[in-house]
Structures are given as C-alpha cells and as structure tokens.
$ cat structure_7.cif   # mmCIF, N, CA and C atoms
data_work
#
loop_
_atom_site.label_atom_id
_atom_site.label_comp_id
_atom_site.auth_asym_id
_atom_site.auth_seq_id
_atom_site.Cartn_x
_atom_site.Cartn_y
_atom_site.Cartn_z
N MET A 1 0.83 -1.18 0.00
CA MET A 1 0.00 0.00 0.00
C MET A 1 0.87 1.25 0.00
N ALA A 2 0.53 2.18 -0.84
CA ALA A 2 1.30 3.42 -0.93
C ALA A 2 1.21 4.23 0.36
N PHE A 3 0.04 4.16 1.02
CA PHE A 3 -0.10 4.96 2.23
C PHE A 3 0.84 4.45 3.33
N LEU A 4 1.09 3.12 3.39
CA LEU A 4 2.04 2.58 4.37
C LEU A 4 3.44 3.10 4.10
N ALA A 5 3.85 3.08 2.84
CA ALA A 5 5.18 3.58 2.48
C ALA A 5 5.31 5.05 2.85
N ASP A 6 4.25 5.83 2.62
CA ASP A 6 4.26 7.25 2.95
C ASP A 6 4.46 7.45 4.45
N ILE A 7 3.74 6.70 5.27
CA ILE A 7 3.87 6.83 6.72
C ILE A 7 5.27 6.42 7.18
N LEU A 8 5.71 5.27 6.72
CA LEU A 8 7.01 4.77 7.15
C LEU A 8 8.16 5.66 6.69
N SER A 9 8.01 6.30 5.53
CA SER A 9 9.08 7.17 5.02
C SER A 9 9.25 8.43 5.86
N ARG A 10 8.27 8.78 6.65
CA ARG A 10 8.33 9.98 7.49
C ARG A 10 9.11 9.76 8.79
N GLU A 11 9.38 8.50 9.11
CA GLU A 11 10.02 8.18 10.39
C GLU A 11 11.35 8.90 10.62
N PRO A 12 12.31 8.86 9.70
CA PRO A 12 13.60 9.51 9.99
C PRO A 12 13.46 11.01 10.29
N GLU A 13 12.62 11.69 9.54
CA GLU A 13 12.45 13.12 9.74
C GLU A 13 11.78 13.40 11.09
N LEU A 14 10.79 12.60 11.46
CA LEU A 14 10.11 12.81 12.74
C LEU A 14 11.01 12.48 13.93
N GLN A 15 11.89 11.52 13.75
CA GLN A 15 12.81 11.17 14.84
C GLN A 15 13.73 12.34 15.18
N SER A 16 14.00 13.19 14.20
CA SER A 16 14.90 14.32 14.44
C SER A 16 14.19 15.52 15.07
N ARG A 17 12.88 15.49 15.13
CA ARG A 17 12.12 16.60 15.71
C ARG A 17 12.03 16.48 17.22
N SER A 18 11.90 17.62 17.86
CA SER A 18 11.71 17.63 19.32
C SER A 18 10.25 17.31 19.64
N ASP A 19 9.99 17.05 20.90
CA ASP A 19 8.61 16.80 21.33
C ASP A 19 7.73 18.02 21.03
N ALA A 20 8.27 19.21 21.27
CA ALA A 20 7.51 20.44 20.99
C ALA A 20 7.20 20.55 19.51
N GLU A 21 8.12 20.14 18.66
CA GLU A 21 7.89 20.20 17.22
C GLU A 21 6.84 19.19 16.78
N LEU A 22 6.81 18.02 17.42
CA LEU A 22 5.75 17.05 17.12
C LEU A 22 4.39 17.63 17.48
N ARG A 23 4.30 18.21 18.66
CA ARG A 23 3.04 18.80 19.11
C ARG A 23 2.63 19.94 18.17
N GLN A 24 3.60 20.74 17.75
CA GLN A 24 3.30 21.85 16.84
C GLN A 24 2.83 21.33 15.49
N ALA A 25 3.41 20.26 15.00
CA ALA A 25 2.98 19.69 13.72
C ALA A 25 1.54 19.22 13.80
N TYR A 26 1.18 18.60 14.92
CA TYR A 26 -0.21 18.17 15.10
C TYR A 26 -1.14 19.38 15.18
N ALA A 27 -0.74 20.41 15.92
CA ALA A 27 -1.56 21.62 16.05
C ALA A 27 -1.73 22.31 14.70
N THR A 28 -0.71 22.30 13.89
CA THR A 28 -0.80 22.89 12.55
C THR A 28 -1.80 22.13 11.69
N ALA A 29 -1.76 20.80 11.75
CA ALA A 29 -2.73 19.99 11.00
C ALA A 29 -4.15 20.29 11.49
N ARG A 30 -4.32 20.48 12.78
CA ARG A 30 -5.64 20.80 13.34
C ARG A 30 -6.15 22.14 12.80
N ARG A 31 -5.27 23.14 12.78
CA ARG A 31 -5.68 24.45 12.27
C ARG A 31 -6.08 24.36 10.79
N ARG A 32 -5.32 23.61 10.02
CA ARG A 32 -5.66 23.46 8.59
C ARG A 32 -6.99 22.74 8.43
N THR A 33 -7.23 21.75 9.25
CA THR A 33 -8.51 21.01 9.18
C THR A 33 -9.66 21.93 9.53
N LEU A 34 -9.49 22.73 10.57
CA LEU A 34 -10.56 23.63 10.99
C LEU A 34 -10.85 24.71 9.95
N SER A 35 -9.89 24.93 9.06
CA SER A 35 -10.13 25.92 8.00
C SER A 35 -10.80 25.28 6.79
N GLY A 36 -11.14 23.98 6.89
CA GLY A 36 -11.95 23.36 5.85
C GLY A 36 -11.29 22.26 5.05
N ARG A 37 -10.04 21.94 5.28
CA ARG A 37 -9.40 20.87 4.52
C ARG A 37 -9.88 19.53 5.05
N PRO A 38 -10.13 18.56 4.18
CA PRO A 38 -10.67 17.27 4.62
C PRO A 38 -9.68 16.43 5.43
N LEU A 39 -10.22 15.69 6.39
CA LEU A 39 -9.39 14.84 7.25
C LEU A 39 -8.54 13.86 6.46
N LYS A 40 -9.08 13.31 5.39
CA LYS A 40 -8.36 12.27 4.66
C LYS A 40 -7.00 12.75 4.15
N GLU A 41 -6.84 14.05 3.97
CA GLU A 41 -5.56 14.60 3.53
C GLU A 41 -4.47 14.43 4.58
N TYR A 42 -4.87 14.23 5.83
CA TYR A 42 -3.91 14.19 6.93
C TYR A 42 -3.59 12.80 7.43
N ILE A 43 -4.15 11.78 6.81
CA ILE A 43 -3.93 10.42 7.32
C ILE A 43 -2.44 10.08 7.42
N PRO A 44 -1.65 10.19 6.37
CA PRO A 44 -0.24 9.81 6.53
C PRO A 44 0.50 10.65 7.57
N GLU A 45 0.25 11.95 7.56
CA GLU A 45 0.93 12.85 8.50
C GLU A 45 0.57 12.52 9.94
N VAL A 46 -0.72 12.42 10.22
CA VAL A 46 -1.16 12.18 11.60
C VAL A 46 -0.76 10.77 12.04
N PHE A 47 -0.92 9.78 11.19
CA PHE A 47 -0.52 8.42 11.58
C PHE A 47 0.98 8.38 11.90
N ALA A 48 1.79 9.08 11.12
CA ALA A 48 3.23 9.10 11.38
C ALA A 48 3.53 9.81 12.70
N LEU A 49 2.81 10.89 12.98
CA LEU A 49 3.00 11.60 14.26
C LEU A 49 2.60 10.72 15.44
N VAL A 50 1.48 10.03 15.33
CA VAL A 50 1.03 9.15 16.41
C VAL A 50 2.03 8.01 16.60
N ARG A 51 2.51 7.48 15.51
CA ARG A 51 3.48 6.37 15.57
C ARG A 51 4.75 6.82 16.30
N GLU A 52 5.22 8.01 15.98
CA GLU A 52 6.42 8.53 16.65
C GLU A 52 6.14 8.83 18.12
N ALA A 53 4.97 9.40 18.42
CA ALA A 53 4.61 9.67 19.82
C ALA A 53 4.52 8.37 20.62
N ALA A 54 4.00 7.32 20.00
CA ALA A 54 3.92 6.02 20.69
C ALA A 54 5.31 5.48 20.98
N HIS A 55 6.21 5.64 20.03
CA HIS A 55 7.58 5.16 20.24
C HIS A 55 8.25 5.93 21.38
N ARG A 56 8.07 7.23 21.39
CA ARG A 56 8.71 8.05 22.42
C ARG A 56 8.13 7.84 23.81
N THR A 57 6.84 7.59 23.89
CA THR A 57 6.21 7.49 25.22
C THR A 57 6.09 6.06 25.73
N LEU A 58 5.78 5.13 24.85
CA LEU A 58 5.54 3.75 25.27
C LEU A 58 6.62 2.78 24.80
N GLY A 59 7.51 3.26 23.93
CA GLY A 59 8.57 2.41 23.41
C GLY A 59 8.08 1.41 22.37
N ILE A 60 6.95 1.68 21.74
CA ILE A 60 6.41 0.78 20.72
C ILE A 60 6.02 1.59 19.49
N ARG A 61 6.13 0.96 18.34
CA ARG A 61 5.71 1.59 17.09
C ARG A 61 4.60 0.74 16.49
N HIS A 62 3.67 1.40 15.85
CA HIS A 62 2.61 0.69 15.13
C HIS A 62 3.25 -0.08 13.98
N HIS A 63 2.88 -1.35 13.85
CA HIS A 63 3.35 -2.19 12.74
C HIS A 63 2.41 -2.01 11.56
N PRO A 64 2.85 -2.38 10.35
CA PRO A 64 1.99 -2.21 9.17
C PRO A 64 0.56 -2.74 9.31
N PRO A 65 0.33 -3.92 9.91
CA PRO A 65 -1.08 -4.35 10.05
C PRO A 65 -1.89 -3.41 10.94
N GLN A 66 -1.26 -2.81 11.94
CA GLN A 66 -1.96 -1.86 12.80
C GLN A 66 -2.23 -0.56 12.05
N LEU A 67 -1.29 -0.14 11.22
CA LEU A 67 -1.51 1.05 10.39
C LEU A 67 -2.65 0.81 9.41
N ALA A 68 -2.68 -0.39 8.82
CA ALA A 68 -3.77 -0.72 7.89
C ALA A 68 -5.11 -0.76 8.62
N GLY A 69 -5.13 -1.33 9.81
CA GLY A 69 -6.35 -1.35 10.62
C GLY A 69 -6.80 0.06 10.97
N GLY A 70 -5.84 0.92 11.29
CA GLY A 70 -6.15 2.30 11.59
C GLY A 70 -6.76 3.02 10.40
N LEU A 71 -6.28 2.70 9.20
CA LEU A 71 -6.84 3.30 7.99
C LEU A 71 -8.29 2.88 7.80
N VAL A 72 -8.56 1.60 8.00
CA VAL A 72 -9.93 1.11 7.86
C VAL A 72 -10.85 1.84 8.85
N LEU A 73 -10.41 1.96 10.09
CA LEU A 73 -11.22 2.64 11.11
C LEU A 73 -11.36 4.13 10.80
N ALA A 74 -10.30 4.76 10.31
CA ALA A 74 -10.36 6.18 9.98
C ALA A 74 -11.38 6.46 8.89
N ARG A 75 -11.58 5.48 8.03
CA ARG A 75 -12.56 5.61 6.95
C ARG A 75 -13.93 5.08 7.37
N CYS A 76 -14.12 4.93 8.68
CA CYS A 76 -15.39 4.49 9.28
C CYS A 76 -15.75 3.06 8.91
N GLY A 77 -14.75 2.23 8.69
CA GLY A 77 -14.97 0.82 8.41
C GLY A 77 -14.82 0.00 9.67
N ILE A 78 -14.91 -1.30 9.52
CA ILE A 78 -14.76 -2.23 10.63
C ILE A 78 -13.51 -3.07 10.39
N ALA A 79 -12.64 -3.11 11.38
CA ALA A 79 -11.41 -3.90 11.29
C ALA A 79 -11.45 -4.97 12.36
N GLU A 80 -11.33 -6.21 11.95
CA GLU A 80 -11.32 -7.31 12.91
C GLU A 80 -9.87 -7.70 13.20
N MET A 81 -9.54 -7.75 14.49
CA MET A 81 -8.19 -8.13 14.90
C MET A 81 -8.31 -9.12 16.05
N ALA A 82 -7.44 -10.09 16.05
CA ALA A 82 -7.44 -11.11 17.09
C ALA A 82 -6.82 -10.56 18.37
N THR A 83 -7.03 -11.26 19.47
CA THR A 83 -6.40 -10.91 20.74
C THR A 83 -4.89 -10.87 20.55
N GLY A 84 -4.29 -9.81 21.04
CA GLY A 84 -2.84 -9.69 20.97
C GLY A 84 -2.31 -8.99 19.72
N GLU A 85 -3.18 -8.62 18.80
CA GLU A 85 -2.72 -7.97 17.57
C GLU A 85 -2.62 -6.46 17.69
N GLY A 86 -2.99 -5.91 18.82
CA GLY A 86 -2.79 -4.49 19.05
C GLY A 86 -3.96 -3.60 18.73
N LYS A 87 -5.15 -4.03 19.09
CA LYS A 87 -6.35 -3.21 18.83
C LYS A 87 -6.28 -1.87 19.55
N THR A 88 -5.83 -1.88 20.78
CA THR A 88 -5.78 -0.65 21.56
C THR A 88 -4.82 0.35 20.93
N LEU A 89 -3.65 -0.09 20.55
CA LEU A 89 -2.68 0.79 19.88
C LEU A 89 -3.22 1.24 18.53
N THR A 90 -3.84 0.34 17.78
CA THR A 90 -4.39 0.67 16.47
C THR A 90 -5.41 1.80 16.58
N ALA A 91 -6.22 1.77 17.61
CA ALA A 91 -7.28 2.77 17.77
C ALA A 91 -6.73 4.18 17.96
N THR A 92 -5.49 4.31 18.42
CA THR A 92 -4.93 5.65 18.62
C THR A 92 -4.84 6.43 17.31
N LEU A 93 -4.68 5.72 16.21
CA LEU A 93 -4.50 6.38 14.90
C LEU A 93 -5.75 7.12 14.44
N PRO A 94 -6.90 6.43 14.29
CA PRO A 94 -8.09 7.17 13.86
C PRO A 94 -8.60 8.13 14.92
N LEU A 95 -8.35 7.83 16.20
CA LEU A 95 -8.79 8.77 17.24
C LEU A 95 -8.07 10.11 17.08
N ALA A 96 -6.75 10.06 16.90
CA ALA A 96 -5.99 11.30 16.73
C ALA A 96 -6.38 12.01 15.44
N LEU A 97 -6.64 11.24 14.40
CA LEU A 97 -7.06 11.84 13.13
C LEU A 97 -8.38 12.59 13.29
N HIS A 98 -9.37 11.93 13.83
CA HIS A 98 -10.69 12.54 13.96
C HIS A 98 -10.71 13.66 15.00
N ALA A 99 -9.76 13.64 15.94
CA ALA A 99 -9.66 14.73 16.92
C ALA A 99 -9.24 16.04 16.26
N LEU A 100 -8.68 15.97 15.06
CA LEU A 100 -8.31 17.20 14.35
C LEU A 100 -9.53 18.10 14.13
N ALA A 101 -10.70 17.50 14.00
CA ALA A 101 -11.92 18.27 13.73
C ALA A 101 -12.40 19.04 14.96
N ASP A 102 -11.77 18.81 16.11
CA ASP A 102 -12.05 19.56 17.34
C ASP A 102 -13.49 19.43 17.81
N ARG A 103 -14.09 18.25 17.62
CA ARG A 103 -15.46 18.01 18.07
C ARG A 103 -15.52 16.96 19.16
N GLY A 104 -14.39 16.45 19.57
CA GLY A 104 -14.37 15.36 20.53
C GLY A 104 -14.52 14.03 19.82
N VAL A 105 -13.85 13.04 20.31
CA VAL A 105 -13.87 11.70 19.72
C VAL A 105 -14.13 10.72 20.85
N HIS A 106 -14.96 9.73 20.58
CA HIS A 106 -15.29 8.74 21.61
C HIS A 106 -14.99 7.34 21.09
N LEU A 107 -14.52 6.50 21.98
CA LEU A 107 -14.26 5.10 21.68
C LEU A 107 -15.05 4.27 22.69
N ALA A 108 -15.87 3.39 22.18
CA ALA A 108 -16.65 2.51 23.06
C ALA A 108 -15.88 1.20 23.24
N THR A 109 -15.92 0.68 24.45
CA THR A 109 -15.25 -0.59 24.73
C THR A 109 -16.15 -1.45 25.60
N ALA A 110 -15.71 -2.67 25.84
CA ALA A 110 -16.58 -3.68 26.43
C ALA A 110 -17.01 -3.43 27.88
N ASN A 111 -16.14 -2.86 28.68
CA ASN A 111 -16.49 -2.69 30.09
C ASN A 111 -15.68 -1.57 30.72
N ASP A 112 -16.06 -1.20 31.94
CA ASP A 112 -15.40 -0.11 32.64
C ASP A 112 -13.91 -0.35 32.84
N TYR A 113 -13.56 -1.59 33.20
CA TYR A 113 -12.15 -1.90 33.42
C TYR A 113 -11.32 -1.61 32.18
N LEU A 114 -11.76 -2.11 31.02
CA LEU A 114 -11.02 -1.89 29.77
C LEU A 114 -11.00 -0.42 29.38
N ALA A 115 -12.09 0.27 29.60
CA ALA A 115 -12.14 1.70 29.27
C ALA A 115 -11.09 2.46 30.06
N GLN A 116 -11.02 2.22 31.35
CA GLN A 116 -10.05 2.93 32.19
C GLN A 116 -8.62 2.48 31.89
N ARG A 117 -8.42 1.18 31.76
CA ARG A 117 -7.08 0.64 31.50
C ARG A 117 -6.51 1.21 30.20
N ASP A 118 -7.32 1.17 29.14
CA ASP A 118 -6.83 1.60 27.84
C ASP A 118 -6.64 3.11 27.77
N ALA A 119 -7.51 3.87 28.43
CA ALA A 119 -7.34 5.32 28.49
C ALA A 119 -6.03 5.66 29.19
N ASP A 120 -5.78 5.00 30.31
CA ASP A 120 -4.54 5.25 31.06
C ASP A 120 -3.31 4.82 30.26
N TRP A 121 -3.40 3.68 29.60
CA TRP A 121 -2.28 3.13 28.85
C TRP A 121 -1.91 4.01 27.65
N MET A 122 -2.89 4.52 26.91
CA MET A 122 -2.63 5.28 25.69
C MET A 122 -2.52 6.78 25.94
N ARG A 123 -2.86 7.23 27.13
CA ARG A 123 -2.83 8.66 27.45
C ARG A 123 -1.49 9.33 27.10
N PRO A 124 -0.34 8.73 27.37
CA PRO A 124 0.92 9.41 27.04
C PRO A 124 1.06 9.75 25.55
N ILE A 125 0.53 8.92 24.68
CA ILE A 125 0.59 9.20 23.24
C ILE A 125 -0.18 10.48 22.95
N PHE A 126 -1.41 10.54 23.44
CA PHE A 126 -2.26 11.69 23.19
C PHE A 126 -1.72 12.95 23.86
N ASP A 127 -1.20 12.81 25.08
CA ASP A 127 -0.60 13.94 25.78
C ASP A 127 0.54 14.53 24.95
N ARG A 128 1.35 13.67 24.37
CA ARG A 128 2.50 14.13 23.58
C ARG A 128 2.06 14.99 22.41
N LEU A 129 0.85 14.74 21.90
CA LEU A 129 0.34 15.51 20.76
C LEU A 129 -0.54 16.68 21.18
N GLY A 130 -0.74 16.85 22.49
CA GLY A 130 -1.54 17.96 22.98
C GLY A 130 -3.02 17.65 23.12
N LEU A 131 -3.37 16.38 23.16
CA LEU A 131 -4.77 15.96 23.31
C LEU A 131 -5.03 15.49 24.74
N THR A 132 -6.28 15.51 25.14
CA THR A 132 -6.65 15.01 26.46
C THR A 132 -7.45 13.72 26.32
N VAL A 133 -7.44 12.92 27.37
CA VAL A 133 -8.11 11.62 27.39
C VAL A 133 -8.87 11.49 28.69
N ALA A 134 -10.04 10.90 28.61
CA ALA A 134 -10.82 10.58 29.80
C ALA A 134 -11.55 9.27 29.55
N ALA A 135 -11.88 8.59 30.62
CA ALA A 135 -12.67 7.35 30.53
C ALA A 135 -13.98 7.59 31.24
N LEU A 136 -15.05 7.35 30.55
CA LEU A 136 -16.38 7.46 31.14
C LEU A 136 -16.82 6.07 31.57
N THR A 137 -16.97 5.89 32.85
CA THR A 137 -17.35 4.58 33.39
C THR A 137 -18.65 4.73 34.17
N SER A 138 -19.20 3.61 34.58
CA SER A 138 -20.44 3.65 35.35
C SER A 138 -20.23 4.36 36.70
N ALA A 139 -18.99 4.47 37.14
CA ALA A 139 -18.68 5.15 38.40
C ALA A 139 -18.51 6.65 38.20
N ALA A 140 -18.65 7.14 36.96
CA ALA A 140 -18.48 8.57 36.69
C ALA A 140 -19.57 9.37 37.39
N THR A 141 -19.20 10.57 37.80
CA THR A 141 -20.16 11.45 38.45
C THR A 141 -21.08 12.05 37.39
N PRO A 142 -22.24 12.59 37.80
CA PRO A 142 -23.12 13.25 36.82
C PRO A 142 -22.41 14.38 36.06
N GLU A 143 -21.53 15.10 36.74
CA GLU A 143 -20.77 16.18 36.07
C GLU A 143 -19.87 15.60 34.98
N GLN A 144 -19.20 14.50 35.24
CA GLN A 144 -18.33 13.88 34.23
C GLN A 144 -19.14 13.38 33.05
N ARG A 145 -20.35 12.90 33.30
CA ARG A 145 -21.19 12.36 32.22
C ARG A 145 -21.67 13.44 31.27
N ARG A 146 -21.75 14.68 31.76
CA ARG A 146 -22.20 15.79 30.90
C ARG A 146 -21.14 16.16 29.88
N HIS A 147 -19.89 15.78 30.07
CA HIS A 147 -18.79 16.20 29.17
C HIS A 147 -18.44 15.16 28.20
#
$ encode --input "structure_7.cif" --output "structure tokens"
Amino acid sequence: MAFLADILSREPELQSRSDAELRQAYATARRRTLSGRPLKEYIPEVFALVREAAHRTLGIRHHPPQLAGGLVLARCGIAEMATGEGKTLTATLPLALHALADRGVHLATANDYLAQRDADWMRPIFDRLGLTVAALTSAATPEQRRH
C-alpha cells in the first residue's frame, strides 16, 4: 500500500524533531482542518506523528497491520483483529485523526475496566500531541457524564 510507504518514510524526519515540534505539527494539522481541509488529507501525516509519539512514550511503534487497521477505522470501516494484535494501539491512529476536527472523539469498549485501562495506557501518546483523554465509566459522576 502506498499509504504505508508514505507513513514509514516519514520516520527519519520525525525522529529528528523535538517533542515540541511534534506537538506543533499536530496543532498545525488541526488548524488546517478547521479551516476546511478534509481529514483524509492528513492520514499519513497524523498516523506518522502518532506512531512517533507512541515510540517516544511507550517504546512501541505501530506495525503495518496496525496502520492498515487504523486506515480502515479512519474511513469508518470495521477492522477485525485477534487478541494480541494491538487493537488498543491501532485505535490511537483514527482517534488522533478525527480529533483534528475539534469536536471530541469517543471510543466505546466492552467494560469499565477496559475503558479505564486503555485510556490510562494510551494517554501518554495523546498527551504528547496535545490531546486530552478521559474514561467514562459507570462510576463517573453526573458532572463527568455531561462532558
């Protein structure tokens, strides 16, 4: 896939950027999106930024099957992955992409434990890009549920 080659080719350049420059690159993509450019134009750029943020914060990089799964999800499709194939990491890609629209993004999961665990686990990636993360669980207060 050409889009995989595009994402992977960005790695050396992103590795040379500072954390502040990564955050600024994401913020720049957000501003361009808010001015009317379609999200699909940013898939390679945002996926590469998320991949680099994951490496810096969690010590892991998205593998090509995870990037492909992220593309399917970003295009509002359904991606089936077996246990252990990295669904949680894969989800960071379309979440960061759709967050460019500045409308909030939600991910539904099976139970409160997984919601909290995965939010906590992936939070460093999103923090690195200037995004916030929260988990809405059955234990959430009425105030938290309103947001």
$ resolve_selection --input "structure_7.cif" --expression "the PyMOL selection byres ((chain A and resi 94-103) around 8)" --output "VMD selection string"
chain A and resid 26 29 to 34 39 to 40 42 to 43 46 to 47 50 69 to 75 89 to 93 104 to 107 126
$ resolve_selection --input "structure_7.cif" --expression "the PyMOL selection byres (((chain A and resi 6 and name CA) around 10) and name CA)" --output "PyMOL selection string"
chain A and resi 1-5+7-11+43-45+47-48
$ write_last_selection --input "structure_7.cif" --atoms "N, CA and C atoms" --output "PDB file, in the frame of the given file"
ATOM      1  N   MET A   1       0.830  -1.180   0.000  1.00  0.00           N
ATOM      2  CA  MET A   1       0.000   0.000   0.000  1.00  0.00           C
ATOM      3  C   MET A   1       0.870   1.250   0.000  1.00  0.00           C
ATOM      4  N   ALA A   2       0.530   2.180  -0.840  1.00  0.00           N
ATOM      5  CA  ALA A   2       1.300   3.420  -0.930  1.00  0.00           C
ATOM      6  C   ALA A   2       1.210   4.230   0.360  1.00  0.00           C
ATOM      7  N   PHE A   3       0.040   4.160   1.020  1.00  0.00           N
ATOM      8  CA  PHE A   3      -0.100   4.960   2.230  1.00  0.00           C
ATOM      9  C   PHE A   3       0.840   4.450   3.330  1.00  0.00           C
ATOM     10  N   LEU A   4       1.090   3.120   3.390  1.00  0.00           N
ATOM     11  CA  LEU A   4       2.040   2.580   4.370  1.00  0.00           C
ATOM     12  C   LEU A   4       3.440   3.100   4.100  1.00  0.00           C
ATOM     13  N   ALA A   5       3.850   3.080   2.840  1.00  0.00           N
ATOM     14  CA  ALA A   5       5.180   3.580   2.480  1.00  0.00           C
ATOM     15  C   ALA A   5       5.310   5.050   2.850  1.00  0.00           C
ATOM     16  N   ILE A   7       3.740   6.700   5.270  1.00  0.00           N
ATOM     17  CA  ILE A   7       3.870   6.830   6.720  1.00  0.00           C
ATOM     18  C   ILE A   7       5.270   6.420   7.180  1.00  0.00           C
ATOM     19  N   LEU A   8       5.710   5.270   6.720  1.00  0.00           N
ATOM     20  CA  LEU A   8       7.010   4.770   7.150  1.00  0.00           C
ATOM     21  C   LEU A   8       8.160   5.660   6.690  1.00  0.00           C
ATOM     22  N   SER A   9       8.010   6.300   5.530  1.00  0.00           N
ATOM     23  CA  SER A   9       9.080   7.170   5.020  1.00  0.00           C
ATOM     24  C   SER A   9       9.250   8.430   5.860  1.00  0.00           C
ATOM     25  N   ARG A  10       8.270   8.780   6.650  1.00  0.00           N
ATOM     26  CA  ARG A  10       8.330   9.980   7.490  1.00  0.00           C
ATOM     27  C   ARG A  10       9.110   9.760   8.790  1.00  0.00           C
ATOM     28  N   GLU A  11       9.380   8.500   9.110  1.00  0.00           N
ATOM     29  CA  GLU A  11      10.020   8.180  10.390  1.00  0.00           C
ATOM     30  C   GLU A  11      11.350   8.900  10.620  1.00  0.00           C
ATOM     31  N   ILE A  43      -4.150  11.780   6.810  1.00  0.00           N
ATOM     32  CA  ILE A  43      -3.930  10.420   7.320  1.00  0.00           C
ATOM     33  C   ILE A  43      -2.440  10.080   7.420  1.00  0.00           C
ATOM     34  N   PRO A  44      -1.650  10.190   6.370  1.00  0.00           N
ATOM     35  CA  PRO A  44      -0.240   9.810   6.530  1.00  0.00           C
ATOM     36  C   PRO A  44       0.500  10.650   7.570  1.00  0.00           C
ATOM     37  N   GLU A  45       0.250  11.950   7.560  1.00  0.00           N
ATOM     38  CA  GLU A  45       0.930  12.850   8.500  1.00  0.00           C
ATOM     39  C   GLU A  45       0.570  12.520   9.940  1.00  0.00           C
ATOM     40  N   PHE A  47      -0.920   9.780  11.190  1.00  0.00           N
ATOM     41  CA  PHE A  47      -0.520   8.420  11.580  1.00  0.00           C
ATOM     42  C   PHE A  47       0.980   8.380  11.900  1.00  0.00           C
ATOM     43  N   ALA A  48       1.790   9.080  11.120  1.00  0.00           N
ATOM     44  CA  ALA A  48       3.230   9.100  11.380  1.00  0.00           C
ATOM     45  C   ALA A  48       3.530   9.810  12.700  1.00  0.00           C
TER      46      ALA A  48
END
$ closest_residue --input "structure_7.cif" --among "A:Ile78, A:Ala53, A:Glu85, A:Glu41" --to "Gln66 of chain A" --atoms "only N, CA and C atoms"
A:Glu85
$ resolve_selection --input "structure_7.cif" --expression "the PyMOL selection byres ((chain A and resi 111-118) around 7)" --output "list in words"
Thr88, Ala108, Thr109, Ala110, Ala119, Asp120, Trp121, Met122, Arg123, Ala134, Ala135, Leu136, Thr137 and Ser138 of chain A
$ atom_distance --input "structure_7.cif" --atom1 "atom N of Leu22 of chain A" --atom2 "atom C of His62 of chain A"
18.8 Å
$ atom_distance --input "structure_7.cif" --atom1 "atom N of Pro65 of chain A" --atom2 "atom N of Arg128 of chain A"
22.8 Å
$ select_by_dssp --input "structure_7.cif" --residues "chain A" --states "alpha helix (DSSP H)" --output "ChimeraX atom specification"
/A:2-9,11-15,19-34,43-58,64-74,87-99,112-128,142-145
$ closest_residue --input "structure_7.cif" --among "A:Pro64, A:Ala139, A:Ala82, A:Asp127" --to "Ala20 of chain A" --atoms "only C-alpha atoms"
A:Asp127
$ atom_distance --input "structure_7.cif" --atom1 "atom C of Ile60 of chain A" --atom2 "atom N of Leu129 of chain A"
14.3 Å
$ decode --input "structure_7.cif" --residues "segment 13-27 of chain A" --atoms "N, CA and C atoms" --output "CSV table (one decimal), in the first residue's frame"
chain,number,residue,atom,x,y,z
A,13,GLU,N,12.6,11.7,9.5
A,13,GLU,CA,12.4,13.1,9.7
A,13,GLU,C,11.8,13.4,11.1
A,14,LEU,N,10.8,12.6,11.5
A,14,LEU,CA,10.1,12.8,12.7
A,14,LEU,C,11.0,12.5,13.9
A,15,GLN,N,11.9,11.5,13.8
A,15,GLN,CA,12.8,11.2,14.8
A,15,GLN,C,13.7,12.3,15.2
A,16,SER,N,14.0,13.2,14.2
A,16,SER,CA,14.9,14.3,14.4
A,16,SER,C,14.2,15.5,15.1
A,17,ARG,N,12.9,15.5,15.1
A,17,ARG,CA,12.1,16.6,15.7
A,17,ARG,C,12.0,16.5,17.2
A,18,SER,N,11.9,17.6,17.9
A,18,SER,CA,11.7,17.6,19.3
A,18,SER,C,10.3,17.3,19.6
A,19,ASP,N,10.0,17.0,20.9
A,19,ASP,CA,8.6,16.8,21.3
A,19,ASP,C,7.7,18.0,21.0
A,20,ALA,N,8.3,19.2,21.3
A,20,ALA,CA,7.5,20.4,21.0
A,20,ALA,C,7.2,20.6,19.5
A,21,GLU,N,8.1,20.1,18.7
A,21,GLU,CA,7.9,20.2,17.2
A,21,GLU,C,6.8,19.2,16.8
A,22,LEU,N,6.8,18.0,17.4
A,22,LEU,CA,5.8,17.1,17.1
A,22,LEU,C,4.4,17.6,17.5
A,23,ARG,N,4.3,18.2,18.7
A,23,ARG,CA,3.0,18.8,19.1
A,23,ARG,C,2.6,19.9,18.2
A,24,GLN,N,3.6,20.7,17.7
A,24,GLN,CA,3.3,21.8,16.8
A,24,GLN,C,2.8,21.3,15.5
A,25,ALA,N,3.4,20.3,15.0
A,25,ALA,CA,3.0,19.7,13.7
A,25,ALA,C,1.5,19.2,13.8
A,26,TYR,N,1.2,18.6,14.9
A,26,TYR,CA,-0.2,18.2,15.1
A,26,TYR,C,-1.1,19.4,15.2
A,27,ALA,N,-0.7,20.4,15.9
A,27,ALA,CA,-1.6,21.6,16.1
A,27,ALA,C,-1.7,22.3,14.7
